[in-house]
$ cat my_file-v7.csv   # CSV, C-alpha atoms
chain,number,residue,atom,x,y,z
A,1,MET,CA,87.3,39.3,-5.9
A,2,ARG,CA,90.5,41.1,-6.8
A,3,ILE,CA,93.6,39.9,-5.0
A,4,LYS,CA,97.3,40.4,-5.2
A,5,ALA,CA,99.3,37.5,-6.5
A,6,ALA,CA,102.8,36.6,-7.9
A,7,VAL,CA,102.3,35.3,-11.5
A,8,LEU,CA,104.9,33.4,-13.4
A,9,TYR,CA,104.7,34.2,-17.2
A,10,GLN,CA,108.0,32.7,-18.4
A,11,GLN,CA,110.1,29.9,-17.1
A,12,GLY,CA,113.9,29.8,-17.4
A,13,LEU,CA,114.6,33.5,-17.1
A,14,PRO,CA,118.3,34.2,-16.1
A,15,ARG,CA,119.5,35.0,-12.6
A,16,PRO,CA,119.6,37.2,-10.7
A,17,TYR,CA,115.9,37.0,-10.4
A,18,ALA,CA,115.9,40.4,-8.6
A,19,ASP,CA,116.6,41.8,-12.1
A,20,SER,CA,114.8,39.4,-14.5
A,21,LEU,CA,111.7,39.4,-12.3
A,22,PRO,CA,110.2,36.0,-13.2
A,23,LEU,CA,107.4,36.5,-10.7
A,24,VAL,CA,105.2,39.5,-11.6
A,25,VAL,CA,103.2,40.8,-8.6
A,26,GLU,CA,99.9,42.1,-9.8
A,27,GLU,CA,96.2,42.2,-9.2
A,28,VAL,CA,94.2,39.2,-10.5
A,29,GLU,CA,90.6,38.0,-10.3
A,30,LEU,CA,89.7,35.1,-8.0
A,31,ASP,CA,86.3,33.5,-8.5
A,32,PRO,CA,84.4,32.3,-5.5
A,33,PRO,CA,84.6,28.6,-4.5
A,34,GLY,CA,82.3,26.1,-6.3
A,35,ASP,CA,81.1,22.7,-5.3
A,36,GLY,CA,83.6,20.9,-3.1
A,37,GLU,CA,85.9,24.0,-2.9
A,38,LEU,CA,86.7,26.6,-0.2
A,39,LEU,CA,88.3,30.0,-0.1
A,40,ILE,CA,91.3,30.5,2.3
A,41,GLU,CA,93.2,33.5,3.3
A,42,VAL,CA,96.8,32.6,2.9
A,43,ALA,CA,98.6,33.3,6.1
A,44,ALA,CA,102.1,32.1,5.1
A,45,ALA,CA,103.7,30.3,2.2
A,46,GLY,CA,107.2,28.9,2.1
A,47,LEU,CA,109.7,29.5,-0.7
A,48,CYS,CA,110.6,25.9,-1.6
A,49,HIS,CA,113.0,24.3,-4.0
A,50,SER,CA,110.1,22.9,-6.0
A,51,ASP,CA,108.9,26.4,-6.7
A,52,LEU,CA,112.5,27.4,-7.6
A,53,SER,CA,112.6,24.4,-10.0
A,54,THR,CA,109.4,25.7,-11.7
A,55,ILE,CA,111.0,29.1,-12.1
A,56,GLU,CA,114.1,27.5,-13.5
A,57,ASN,CA,112.0,25.3,-16.0
A,58,GLN,CA,113.3,22.1,-14.5
A,59,ARG,CA,109.7,21.0,-14.5
A,60,PRO,CA,107.5,22.7,-17.2
A,61,ARG,CA,104.2,24.0,-16.2
A,62,PRO,CA,101.3,25.5,-18.1
A,63,LEU,CA,101.6,29.3,-18.1
A,64,PRO,CA,100.7,31.8,-16.8
A,65,ILE,CA,100.6,30.3,-13.4
A,66,VAL,CA,100.5,31.4,-9.8
A,67,ILE,CA,103.0,29.1,-8.0
A,68,GLY,CA,103.4,28.3,-4.3
A,69,HIS,CA,102.5,25.0,-2.8
A,70,GLU,CA,103.6,25.0,0.9
A,71,GLY,CA,101.4,26.9,3.2
A,72,ALA,CA,98.7,27.4,5.7
A,73,GLY,CA,95.7,29.7,6.1
A,74,ILE,CA,92.3,30.5,7.4
A,75,VAL,CA,89.0,29.4,5.9
A,76,ARG,CA,87.0,32.4,4.8
A,77,GLU,CA,84.2,30.8,2.7
A,78,VAL,CA,83.1,27.2,2.0
A,79,GLY,CA,81.4,26.1,-1.2
A,80,PRO,CA,78.4,23.7,-1.6
A,81,GLY,CA,79.0,20.2,-0.4
A,82,ILE,CA,81.4,21.0,2.4
A,83,THR,CA,80.0,20.4,5.9
A,84,ASP,CA,83.1,19.7,8.0
A,85,LEU,CA,84.8,23.1,7.7
A,86,LYS,CA,83.6,26.5,8.5
A,87,PRO,CA,84.9,30.1,8.2
A,88,GLY,CA,87.6,30.8,10.8
A,89,ASP,CA,89.0,27.2,10.7
A,90,HIS,CA,92.8,26.9,10.3
A,91,VAL,CA,94.1,24.6,7.6
A,92,ILE,CA,97.4,23.3,6.2
A,93,THR,CA,97.4,22.9,2.4
A,94,VAL,CA,98.3,19.6,0.7
A,95,PHE,CA,100.2,19.9,-2.6
A,96,ALA,CA,99.4,16.4,-3.9
A,97,PRO,CA,95.6,16.3,-4.3
A,98,SER,CA,94.0,12.9,-4.4
A,99,CYS,CA,90.6,11.6,-5.7
A,100,GLY,CA,90.0,9.3,-2.7
A,101,ASN,CA,88.6,6.5,-5.0
A,102,CYS,CA,91.4,5.1,-7.2
A,103,ARG,CA,93.4,1.9,-6.3
A,104,TYR,CA,96.3,4.1,-4.9
A,105,CYS,CA,94.0,6.1,-2.6
A,106,VAL,CA,92.1,3.1,-1.3
A,107,ARG,CA,95.4,1.4,-0.5
A,108,GLY,CA,96.6,4.3,1.6
A,109,ARG,CA,98.8,5.9,-1.0
A,110,PRO,CA,97.0,9.1,-2.0
A,111,ASN,CA,100.3,10.9,-2.5
A,112,ILE,CA,100.7,9.1,-5.8
A,113,CYS,CA,97.1,9.4,-7.0
A,114,PRO,CA,97.2,9.7,-10.8
A,115,THR,CA,93.9,11.6,-11.0
A,116,GLY,CA,95.2,14.4,-8.8
A,117,ASN,CA,98.4,14.4,-10.7
A,118,ALA,CA,96.6,14.8,-14.0
A,119,PHE,CA,94.7,17.9,-12.8
A,120,ARG,CA,98.0,19.3,-11.5
A,121,GLY,CA,99.6,18.9,-14.8
A,122,ALA,CA,96.7,20.7,-16.5
A,123,GLY,CA,97.0,23.7,-14.1
A,124,GLN,CA,93.5,23.0,-12.7
A,125,LEU,CA,92.0,22.4,-9.3
A,126,PRO,CA,91.2,18.8,-8.5
A,127,THR,CA,87.6,19.7,-9.2
A,128,GLY,CA,88.5,20.3,-12.8
A,129,THR,CA,88.1,24.0,-12.7
A,130,ARG,CA,90.2,27.2,-12.7
A,131,ARG,CA,89.3,30.1,-10.4
A,132,LEU,CA,92.1,32.5,-11.3
A,133,LYS,CA,92.2,34.9,-14.2
A,134,ARG,CA,93.8,38.1,-15.3
A,135,LEU,CA,91.9,41.4,-15.2
A,136,ASP,CA,91.2,41.0,-19.0
A,137,GLY,CA,89.5,37.7,-18.3
A,138,SER,CA,92.1,35.3,-19.6
A,139,PRO,CA,92.8,32.3,-17.4
A,140,ILE,CA,95.6,31.8,-15.0
A,141,ASN,CA,96.7,28.2,-14.1
A,142,HIS,CA,96.8,26.8,-10.6
A,143,ASN,CA,100.0,25.2,-9.1
A,144,SER,CA,99.4,21.8,-7.4
A,145,GLY,CA,95.8,22.8,-6.9
A,146,LEU,CA,96.9,25.6,-4.6
A,147,SER,CA,98.6,28.7,-5.9
A,148,LEU,CA,99.6,30.1,-2.6
A,149,TYR,CA,101.7,33.1,-3.6
A,150,ALA,CA,98.6,35.1,-3.4
A,151,GLN,CA,96.5,36.8,-0.7
A,152,TYR,CA,93.7,34.3,-1.1
A,153,ALA,CA,93.3,30.9,-2.7
A,154,VAL,CA,90.4,28.7,-3.8
A,155,VAL,CA,91.3,25.1,-3.1
A,156,ALA,CA,89.5,21.7,-3.2
A,157,ARG,CA,88.5,20.2,0.1
A,158,ARG,CA,91.0,17.3,-0.3
A,159,SER,CA,93.8,19.9,-0.7
A,160,CYS,CA,93.8,20.9,3.0
A,161,VAL,CA,93.7,19.4,6.5
A,162,LYS,CA,92.1,21.2,9.4
A,163,ILE,CA,94.4,22.0,12.4
A,164,GLY,CA,94.1,23.5,15.8
A,165,ASP,CA,94.4,27.2,16.2
A,166,ASP,CA,97.2,26.8,18.8
A,167,ILE,CA,99.8,26.2,16.0
A,168,PRO,CA,101.3,29.5,14.6
A,169,LEU,CA,100.4,29.5,11.0
A,170,ASP,CA,103.8,30.4,9.7
A,171,ASP,CA,105.1,27.2,11.5
A,172,ALA,CA,102.1,25.2,10.2
A,173,ALA,CA,102.9,26.2,6.7
A,174,ILE,CA,106.2,24.4,6.7
A,175,PHE,CA,104.3,21.1,7.4
A,176,GLY,CA,102.6,21.5,4.0
A,177,CYS,CA,105.7,20.3,2.2
A,178,ALA,CA,109.1,20.3,3.9
A,179,VAL,CA,108.0,18.5,7.1
A,180,MET,CA,105.8,15.9,5.3
A,181,THR,CA,108.5,15.3,2.6
A,182,GLY,CA,111.6,15.2,4.9
A,183,ALA,CA,110.3,13.8,8.2
A,184,GLY,CA,107.9,11.6,6.3
A,185,ALA,CA,110.8,10.1,4.2
A,186,VAL,CA,112.5,9.0,7.5
A,187,LEU,CA,109.5,8.0,9.5
A,188,ASN,CA,107.2,6.5,6.8
A,189,THR,CA,109.3,5.5,3.8
A,190,ALA,CA,112.4,4.4,5.7
A,191,GLY,CA,110.6,3.5,8.9
A,192,ILE,CA,113.7,4.4,11.0
A,193,LYS,CA,113.5,3.0,14.5
A,194,ALA,CA,115.2,3.7,17.7
A,195,GLY,CA,118.8,2.6,17.7
A,196,GLU,CA,119.2,2.6,13.9
A,197,ALA,CA,121.5,4.6,11.7
A,198,VAL,CA,120.6,6.9,8.8
A,199,ALA,CA,122.5,9.3,6.5
A,200,ILE,CA,120.9,12.4,5.1
A,201,VAL,CA,122.4,13.8,1.9
A,202,GLY,CA,121.3,17.5,1.4
A,203,LEU,CA,120.4,19.8,4.2
A,204,GLY,CA,117.9,22.2,2.8
A,205,GLY,CA,114.4,22.6,4.4
A,206,VAL,CA,113.5,19.0,3.5
A,207,GLY,CA,116.8,17.6,4.6
A,208,MET,CA,116.7,19.4,8.0
A,209,ASN,CA,113.2,18.0,8.5
A,210,ALA,CA,114.6,14.6,7.7
A,211,LEU,CA,117.2,15.2,10.4
A,212,PHE,CA,114.4,16.2,12.9
A,213,GLY,CA,112.5,13.1,12.0
A,214,ALA,CA,115.5,10.9,12.6
A,215,VAL,CA,116.1,12.5,16.0
A,216,ALA,CA,112.4,12.1,16.9
A,217,ALA,CA,112.6,8.4,15.8
A,218,GLY,CA,115.5,7.9,18.2
A,219,ALA,CA,118.1,7.0,15.6
A,220,GLU,CA,121.4,6.2,17.3
A,221,ARG,CA,123.6,7.6,14.5
A,222,ILE,CA,122.6,10.4,12.2
A,223,ILE,CA,125.0,11.3,9.5
A,224,ALA,CA,124.4,14.7,7.8
A,225,ILE,CA,126.1,15.6,4.4
A,226,ASP,CA,126.0,18.8,2.5
A,227,THR,CA,128.2,21.1,0.5
A,228,ASN,CA,127.6,24.1,2.8
A,229,PRO,CA,129.7,24.1,6.0
A,230,LYS,CA,127.2,26.4,7.8
A,231,LYS,CA,124.4,23.9,7.3
A,232,LEU,CA,126.7,21.2,8.7
A,233,GLU,CA,127.2,23.3,11.8
A,234,LEU,CA,123.4,23.7,12.2
A,235,ALA,CA,123.0,19.9,11.7
A,236,LYS,CA,125.4,19.2,14.6
A,237,GLN,CA,123.4,21.6,16.8
A,238,TRP,CA,120.2,19.9,15.9
A,239,GLY,CA,121.1,16.3,16.4
A,240,ALA,CA,123.5,15.0,13.8
A,241,THR,CA,126.2,12.7,15.3
A,242,ASP,CA,128.5,12.9,12.2
A,243,VAL,CA,128.8,15.5,9.5
A,244,PHE,CA,130.6,15.3,6.2
A,245,LEU,CA,131.3,18.0,3.6
A,246,ALA,CA,130.2,17.0,0.1
A,247,GLY,CA,131.5,18.2,-3.2
A,248,ASN,CA,134.9,16.4,-3.3
A,249,ASP,CA,135.9,12.9,-4.4
A,250,ASP,CA,136.9,11.9,-0.8
A,251,CYS,CA,133.4,12.3,0.7
A,252,ALA,CA,132.0,8.9,-0.2
A,253,LYS,CA,135.2,7.1,1.0
A,254,ALA,CA,135.3,9.1,4.2
A,255,VAL,CA,131.7,8.1,5.0
A,256,ARG,CA,132.3,4.5,4.2
A,257,ASP,CA,135.4,4.4,6.3
A,258,ALA,CA,133.6,6.0,9.2
A,259,THR,CA,130.7,3.6,9.0
A,260,ASP,CA,132.3,0.2,8.4
A,261,GLY,CA,131.4,0.1,4.8
A,262,GLY,CA,128.4,2.3,4.5
A,263,VAL,CA,125.1,3.2,6.1
A,264,ASP,CA,122.1,0.9,6.0
A,265,THR,CA,119.6,3.7,5.2
A,266,VAL,CA,120.5,6.7,3.2
A,267,VAL,CA,118.0,9.5,2.4
A,268,GLU,CA,118.7,11.9,-0.4
A,269,THR,CA,116.9,15.2,-0.2
A,270,ALA,CA,118.9,17.6,-2.5
A,271,GLY,CA,117.2,16.8,-5.8
A,272,SER,CA,120.4,16.6,-7.7
A,273,ILE,CA,122.1,13.8,-9.6
A,274,PRO,CA,125.5,14.2,-7.8
A,275,ALA,CA,123.7,14.0,-4.4
A,276,MET,CA,121.9,10.8,-5.5
A,277,GLN,CA,125.2,9.3,-6.8
A,278,LEU,CA,126.8,10.0,-3.4
A,279,ALA,CA,123.8,8.5,-1.6
A,280,ILE,CA,124.1,5.3,-3.6
A,281,ALA,CA,127.9,5.2,-3.0
A,282,ILE,CA,127.6,5.4,0.8
A,283,THR,CA,124.8,2.8,1.1
A,284,ALA,CA,125.9,-0.4,2.7
A,285,ARG,CA,125.5,-3.9,1.4
A,286,GLY,CA,121.9,-4.9,2.0
A,287,GLY,CA,121.0,-1.3,2.5
A,288,GLU,CA,118.4,1.1,1.1
A,289,THR,CA,118.8,4.4,-0.8
A,290,ILE,CA,115.7,6.6,-0.6
A,291,SER,CA,115.3,9.7,-2.8
A,292,ALA,CA,113.0,12.4,-1.7
A,293,GLY,CA,114.5,15.1,-3.9
A,294,LEU,CA,113.1,16.0,-7.3
A,295,PRO,CA,115.7,16.8,-10.0
A,296,ASN,CA,115.0,17.9,-13.6
A,297,ILE,CA,112.3,15.7,-15.1
A,298,ASN,CA,114.8,14.3,-17.7
A,299,ALA,CA,117.6,13.6,-15.2
A,300,GLN,CA,118.9,10.0,-15.0
A,301,VAL,CA,121.2,8.3,-12.5
A,302,SER,CA,123.3,5.2,-13.1
A,303,TYR,CA,124.4,2.4,-10.8
A,304,PHE,CA,126.1,-0.9,-11.1
A,305,HIS,CA,123.2,-3.3,-11.4
A,306,ALA,CA,125.1,-6.5,-10.7
A,307,ALA,CA,126.2,-5.0,-7.4
A,308,MET,CA,122.7,-4.0,-6.5
A,309,VAL,CA,121.7,-7.7,-7.1
A,310,SER,CA,124.6,-9.4,-5.4
A,311,GLU,CA,124.7,-7.0,-2.4
A,312,GLU,CA,120.9,-6.9,-2.1
A,313,ARG,CA,120.6,-3.2,-2.2
A,314,SER,CA,117.4,-1.3,-3.0
A,315,ILE,CA,116.6,2.2,-4.4
A,316,ARG,CA,113.3,3.8,-3.6
A,317,GLY,CA,111.4,7.0,-4.2
A,318,SER,CA,109.6,8.9,-1.5
A,319,TYR,CA,107.0,11.4,-2.6
A,320,MET,CA,105.5,13.7,0.0
A,321,GLY,CA,107.2,11.5,2.6
A,322,SER,CA,104.8,8.6,1.7
A,323,CYS,CA,102.3,10.6,3.8
A,324,VAL,CA,98.5,10.2,4.1
A,325,PRO,CA,98.0,13.9,5.1
A,326,GLU,CA,94.8,13.3,7.2
A,327,ARG,CA,96.7,10.6,9.2
A,328,ASP,CA,100.2,12.0,9.3
A,329,LEU,CA,99.8,15.7,9.8
A,330,PRO,CA,98.1,15.3,13.2
A,331,ARG,CA,100.9,13.0,14.2
A,332,LEU,CA,103.6,15.3,13.0
A,333,LEU,CA,102.0,18.3,14.7
A,334,GLY,CA,101.9,16.3,17.9
A,335,LEU,CA,105.7,15.8,17.6
A,336,TYR,CA,106.0,19.6,17.0
A,337,ARG,CA,103.9,20.4,20.1
A,338,ARG,CA,106.3,18.2,22.2
A,339,GLY,CA,109.4,19.9,20.8
A,340,LYS,CA,110.4,17.0,18.6
A,341,LEU,CA,110.0,18.8,15.3
A,342,PRO,CA,111.4,22.3,16.0
A,343,VAL,CA,110.5,23.7,12.5
A,344,ASP,CA,110.5,27.2,13.9
A,345,LYS,CA,114.3,27.0,13.8
A,346,LEU,CA,114.2,26.7,10.0
A,347,LYS,CA,112.6,30.1,9.4
A,348,THR,CA,115.3,32.4,8.0
A,349,SER,CA,113.0,35.4,7.5
A,350,HIS,CA,109.5,36.6,6.7
A,351,ILE,CA,109.2,38.4,3.4
A,352,THR,CA,106.6,40.4,1.5
A,353,PHE,CA,105.7,40.3,-2.2
A,354,ASP,CA,108.3,43.0,-2.9
A,355,GLN,CA,111.0,40.7,-1.8
A,356,ILE,CA,109.9,37.4,-3.5
A,357,ASN,CA,112.2,37.4,-6.5
A,358,GLU,CA,115.2,38.3,-4.4
A,359,GLY,CA,114.1,35.6,-2.0
A,360,PHE,CA,114.5,33.0,-4.8
A,361,ASP,CA,118.0,34.3,-5.5
A,362,LEU,CA,118.9,33.6,-1.9
A,363,LEU,CA,117.3,30.1,-2.1
A,364,SER,CA,119.2,29.3,-5.3
A,365,ASP,CA,122.4,30.3,-3.6
A,366,GLY,CA,121.8,27.9,-0.7
A,367,ALA,CA,121.9,30.8,1.7
A,368,VAL,CA,118.6,30.2,3.4
A,369,LEU,CA,116.5,27.3,4.7
A,370,ARG,CA,112.9,28.7,4.8
A,371,GLN,CA,111.7,32.1,3.9
A,372,MET,CA,108.1,32.6,4.6
A,373,LEU,CA,106.0,34.8,2.4
A,374,ARG,CA,103.2,36.7,4.2
A,375,PRO,CA,101.0,37.7,1.3
A,376,ASN,CA,98.8,40.0,3.4
A,377,ALA,CA,101.5,41.8,5.3
$ encode --input "my_file-v7.csv" --output "structure tokens"
Amino acid sequence: MRIKAAVLYQQGLPRPYADSLPLVVEEVELDPPGDGELLIEVAAAGLCHSDLSTIENQRPRPLPIVIGHEGAGIVREVGPGITDLKPGDHVITVFAPSCGNCRYCVRGRPNICPTGNAFRGAGQLPTGTRRLKRLDGSPINHNSGLSLYAQYAVVARRSCVKIGDDIPLDDAAIFGCAVMTGAGAVLNTAGIKAGEAVAIVGLGGVGMNALFGAVAAGAERIIAIDTNPKKLELAKQWGATDVFLAGNDDCAKAVRDATDGGVDTVVETAGSIPAMQLAIAITARGGETISAGLPNINAQVSYFHAAMVSEERSIRGSYMGSCVPERDLPRLLGLYRRGKLPVDKLKTSHITFDQINEGFDLLSDGAVLRQMLRPNA
């Protein structure tokens, strides 16, 4: 079938993207689903910093490629071997596909499955295939086994989770990345409990979901840190007890002074080295620094190793919020239904294909939280 999609042909083009047009919106061919695959109509796909990083060439990808990894849609066709989904079902997509059989999957850590990661690096679906191609027949690569900046997508069964049709799909889409990554980092990786304190460095879509997760967990003190004063104001409205403006030399000292030497758990969600350095600097003795942000693949951060040992600090990564999607998405959606994860507040605007390059300019400027692409609008 012929569909409209946003194709990335060249990474690292200069800003403004409204002029350089890294995403080319054009007709492409989408083959039908094969064994273990399904066709979904993409209802909504979020503009996420991970997609921006791909455009910026922070993480090289095989080209050309249709990006977009956070979304939700409606099943329109199922391939052979799928018996638990049917046309009309609503699904949230999962950007870290897993094999289900390796030692990581069987230990409940499918988010770090190396098999799924290998297919993602090759621009293939987890089934080892490509279903996208240009009108001349040349192949187009898949992004994270999804490629959601398109009207339709063929995905593997393990790349989606069925949900109830009571959830608005443009809200459900945000759960596919920002909610699992942000709220998951607080609830799963950090395991924040009622009465505890947590600091969140970086208040984009992921960071705000970390904030929501901390509120839902009953954290007594929630410290929000960002370089954007407007986001700090929103954080205060949404449950932060303390806010600090980053970007100056006094921020770390101010946080340490206000918290009697630092915070026991600090979650970094900005995906930048200065943010990670700040997160380490405000972590208390015996505390834990958790990074859920993805910087350039070659980025490195330094710390005083002797202090980490003598003060019993720890530094951890959190990928996709340490989530098992089949287990955690129903739980997170339950919190949403009860008003504990108000992700609808994060939606800055709904956009169409004609606005997608300008949308990434706005995201790069830090002017928005979540713009939702509606490919079929």
$ residues_around --input "my_file-v7.csv" --residues "Glu358 (chain A)" --least-positions-apart "3" --cutoff "10 Å" --atoms "only C-alpha atoms" --output "ChimeraX atom specification"
/A:15-19,21,351,353-355,361-364
$ closest_residue --input "my_file-v7.csv" --among "A:Gly36, A:Ile200, A:Ser147, A:Lys253" --to "Gly239 (chain A)" --atoms "only C-alpha atoms"
A:Ile200
$ atom_distance --input "my_file-v7.csv" --atom1 "CA of Val7 (chain A)" --atom2 "CA of Val66 (chain A)"
4.6 Å
$ closest_residue --input "my_file-v7.csv" --among "A:Leu232, A:Leu346, A:Ala292, A:Val263" --to "Arg313 (chain A)" --atoms "all atoms listed in the file"
A:Val263
$ residues_around --input "my_file-v7.csv" --residues "Ala254 (chain A)" --least-positions-apart "4" --cutoff "12 Å" --atoms "only C-alpha atoms" --output "VMD selection string"
chain A and resid 223 225 242 to 246 248 to 250 258 to 263 278 281 to 282
$ atom_distance --input "my_file-v7.csv" --atom1 "CA of Glu70 (chain A)" --atom2 "CA of Gly116 (chain A)"
16.6 Å
$ residues_around --input "my_file-v7.csv" --residues "Thr115 (chain A)" --least-positions-apart "2" --cutoff "12 Å" --atoms "only C-alpha atoms" --output "NGL selection string"
:A and (96-105 or 110-113 or 117-122 or 124-128)
$ atom_distance --input "my_file-v7.csv" --atom1 "CA of Glu56 (chain A)" --atom2 "CA of Leu8 (chain A)"
10.9 Å
$ closest_residue --input "my_file-v7.csv" --among "A:Ala197, A:Ala214, A:Ala219, A:Met320" --to "Gly287 (chain A)" --atoms "only C-alpha atoms"
A:Ala197
$ residues_around --input "my_file-v7.csv" --residues "Ala240 (chain A)" --least-positions-apart "2" --cutoff "8 Å" --atoms "only C-alpha atoms" --output "PyMOL selection string"
chain A and resi 211+221-224+235-238+242-243
$ closest_residue --input "my_file-v7.csv" --among "A:Gly247, A:Pro87, A:Gly195, A:Gly46" --to "Asp171 (chain A)" --atoms "all atoms listed in the file"
A:Gly46
$ closest_residue --input "my_file-v7.csv" --among "A:Cys177, A:Ala275, A:Val198, A:Val24" --to "Ile92 (chain A)" --atoms "all atoms listed in the file"
A:Cys177
$ residues_around --input "my_file-v7.csv" --residues "Val179 (chain A)" --least-positions-apart "6" --cutoff "9 Å" --atoms "only C-alpha atoms" --output "count of residues only"
12
$ closest_residue --input "my_file-v7.csv" --among "A:Ala199, A:Ala252, A:Cys323, A:Val267" --to "Phe95 (chain A)" --atoms "only C-alpha atoms"
A:Cys323
$ build_atoms --input "my_file-v7.csv" --residues "region 166-183 of chain A" --atoms "N, CA, C and O atoms" --output "PDB file, keeping the file's coordinate frame"
ATOM      1  N   ASP A 166      96.047  26.535  17.859  1.00  0.00           N
ATOM      2  CA  ASP A 166      97.200  26.800  18.800  1.00  0.00           C
ATOM      3  C   ASP A 166      98.508  26.755  18.011  1.00  0.00           C
ATOM      4  O   ASP A 166      99.538  27.142  18.576  1.00  0.00           O
ATOM      5  N   ILE A 167      98.521  26.321  16.747  1.00  0.00           N
ATOM      6  CA  ILE A 167      99.800  26.200  16.000  1.00  0.00           C
ATOM      7  C   ILE A 167      99.960  27.556  15.221  1.00  0.00           C
ATOM      8  O   ILE A 167      99.094  27.959  14.430  1.00  0.00           O
ATOM      9  N   PRO A 168     101.082  28.256  15.426  1.00  0.00           N
ATOM     10  CA  PRO A 168     101.300  29.500  14.600  1.00  0.00           C
ATOM     11  C   PRO A 168     101.301  29.129  13.147  1.00  0.00           C
ATOM     12  O   PRO A 168     101.932  28.158  12.705  1.00  0.00           O
ATOM     13  N   LEU A 169     100.592  29.910  12.376  1.00  0.00           N
ATOM     14  CA  LEU A 169     100.400  29.500  11.000  1.00  0.00           C
ATOM     15  C   LEU A 169     101.629  29.569  10.137  1.00  0.00           C
ATOM     16  O   LEU A 169     101.727  28.836   9.156  1.00  0.00           O
ATOM     17  N   ASP A 170     102.612  30.407  10.488  1.00  0.00           N
ATOM     18  CA  ASP A 170     103.800  30.400   9.700  1.00  0.00           C
ATOM     19  C   ASP A 170     104.703  29.170  10.030  1.00  0.00           C
ATOM     20  O   ASP A 170     105.563  28.779   9.239  1.00  0.00           O
ATOM     21  N   ASP A 171     104.495  28.538  11.188  1.00  0.00           N
ATOM     22  CA  ASP A 171     105.100  27.200  11.500  1.00  0.00           C
ATOM     23  C   ASP A 171     104.298  26.135  10.764  1.00  0.00           C
ATOM     24  O   ASP A 171     104.866  25.232  10.146  1.00  0.00           O
ATOM     25  N   ALA A 172     102.976  26.228  10.855  1.00  0.00           N
ATOM     26  CA  ALA A 172     102.100  25.200  10.200  1.00  0.00           C
ATOM     27  C   ALA A 172     102.364  25.119   8.745  1.00  0.00           C
ATOM     28  O   ALA A 172     102.303  24.018   8.166  1.00  0.00           O
ATOM     29  N   ALA A 173     102.654  26.245   8.102  1.00  0.00           N
ATOM     30  CA  ALA A 173     102.900  26.200   6.700  1.00  0.00           C
ATOM     31  C   ALA A 173     103.978  25.283   6.244  1.00  0.00           C
ATOM     32  O   ALA A 173     103.894  24.617   5.200  1.00  0.00           O
ATOM     33  N   ILE A 174     105.040  25.186   7.043  1.00  0.00           N
ATOM     34  CA  ILE A 174     106.200  24.400   6.700  1.00  0.00           C
ATOM     35  C   ILE A 174     105.807  22.880   6.656  1.00  0.00           C
ATOM     36  O   ILE A 174     106.415  22.077   5.936  1.00  0.00           O
ATOM     37  N   PHE A 175     104.776  22.507   7.409  1.00  0.00           N
ATOM     38  CA  PHE A 175     104.300  21.100   7.400  1.00  0.00           C
ATOM     39  C   PHE A 175     103.720  20.734   6.055  1.00  0.00           C
ATOM     40  O   PHE A 175     103.671  19.556   5.712  1.00  0.00           O
ATOM     41  N   GLY A 176     103.256  21.743   5.277  1.00  0.00           N
ATOM     42  CA  GLY A 176     102.600  21.500   4.000  1.00  0.00           C
ATOM     43  C   GLY A 176     103.503  20.841   2.967  1.00  0.00           C
ATOM     44  O   GLY A 176     103.013  20.216   2.017  1.00  0.00           O
ATOM     45  N   CYS A 177     104.820  20.998   3.104  1.00  0.00           N
ATOM     46  CA  CYS A 177     105.700  20.300   2.200  1.00  0.00           C
ATOM     47  C   CYS A 177     106.974  19.828   2.886  1.00  0.00           C
ATOM     48  O   CYS A 177     107.208  18.632   2.950  1.00  0.00           O
ATOM     49  N   ALA A 178     107.796  20.719   3.433  1.00  0.00           N
ATOM     50  CA  ALA A 178     109.100  20.300   3.900  1.00  0.00           C
ATOM     51  C   ALA A 178     109.019  19.268   5.036  1.00  0.00           C
ATOM     52  O   ALA A 178     109.802  18.321   5.061  1.00  0.00           O
ATOM     53  N   VAL A 179     108.058  19.414   5.954  1.00  0.00           N
ATOM     54  CA  VAL A 179     108.000  18.500   7.100  1.00  0.00           C
ATOM     55  C   VAL A 179     107.440  17.117   6.550  1.00  0.00           C
ATOM     56  O   VAL A 179     108.030  16.063   6.822  1.00  0.00           O
ATOM     57  N   MET A 180     106.328  17.137   5.799  1.00  0.00           N
ATOM     58  CA  MET A 180     105.800  15.900   5.300  1.00  0.00           C
ATOM     59  C   MET A 180     106.850  15.167   4.420  1.00  0.00           C
ATOM     60  O   MET A 180     107.037  13.956   4.518  1.00  0.00           O
ATOM     61  N   THR A 181     107.539  15.919   3.565  1.00  0.00           N
ATOM     62  CA  THR A 181     108.500  15.300   2.600  1.00  0.00           C
ATOM     63  C   THR A 181     109.731  14.799   3.373  1.00  0.00           C
ATOM     64  O   THR A 181     110.173  13.662   3.146  1.00  0.00           O
ATOM     65  N   GLY A 182     110.312  15.613   4.247  1.00  0.00           N
ATOM     66  CA  GLY A 182     111.600  15.200   4.900  1.00  0.00           C
ATOM     67  C   GLY A 182     111.354  14.281   6.076  1.00  0.00           C
ATOM     68  O   GLY A 182     111.895  13.166   6.083  1.00  0.00           O
ATOM     69  N   ALA A 183     110.571  14.698   7.057  1.00  0.00           N
ATOM     70  CA  ALA A 183     110.300  13.800   8.200  1.00  0.00           C
ATOM     71  C   ALA A 183     109.573  12.559   7.749  1.00  0.00           C
ATOM     72  O   ALA A 183     109.841  11.458   8.241  1.00  0.00           O
TER      73      ALA A 183
END
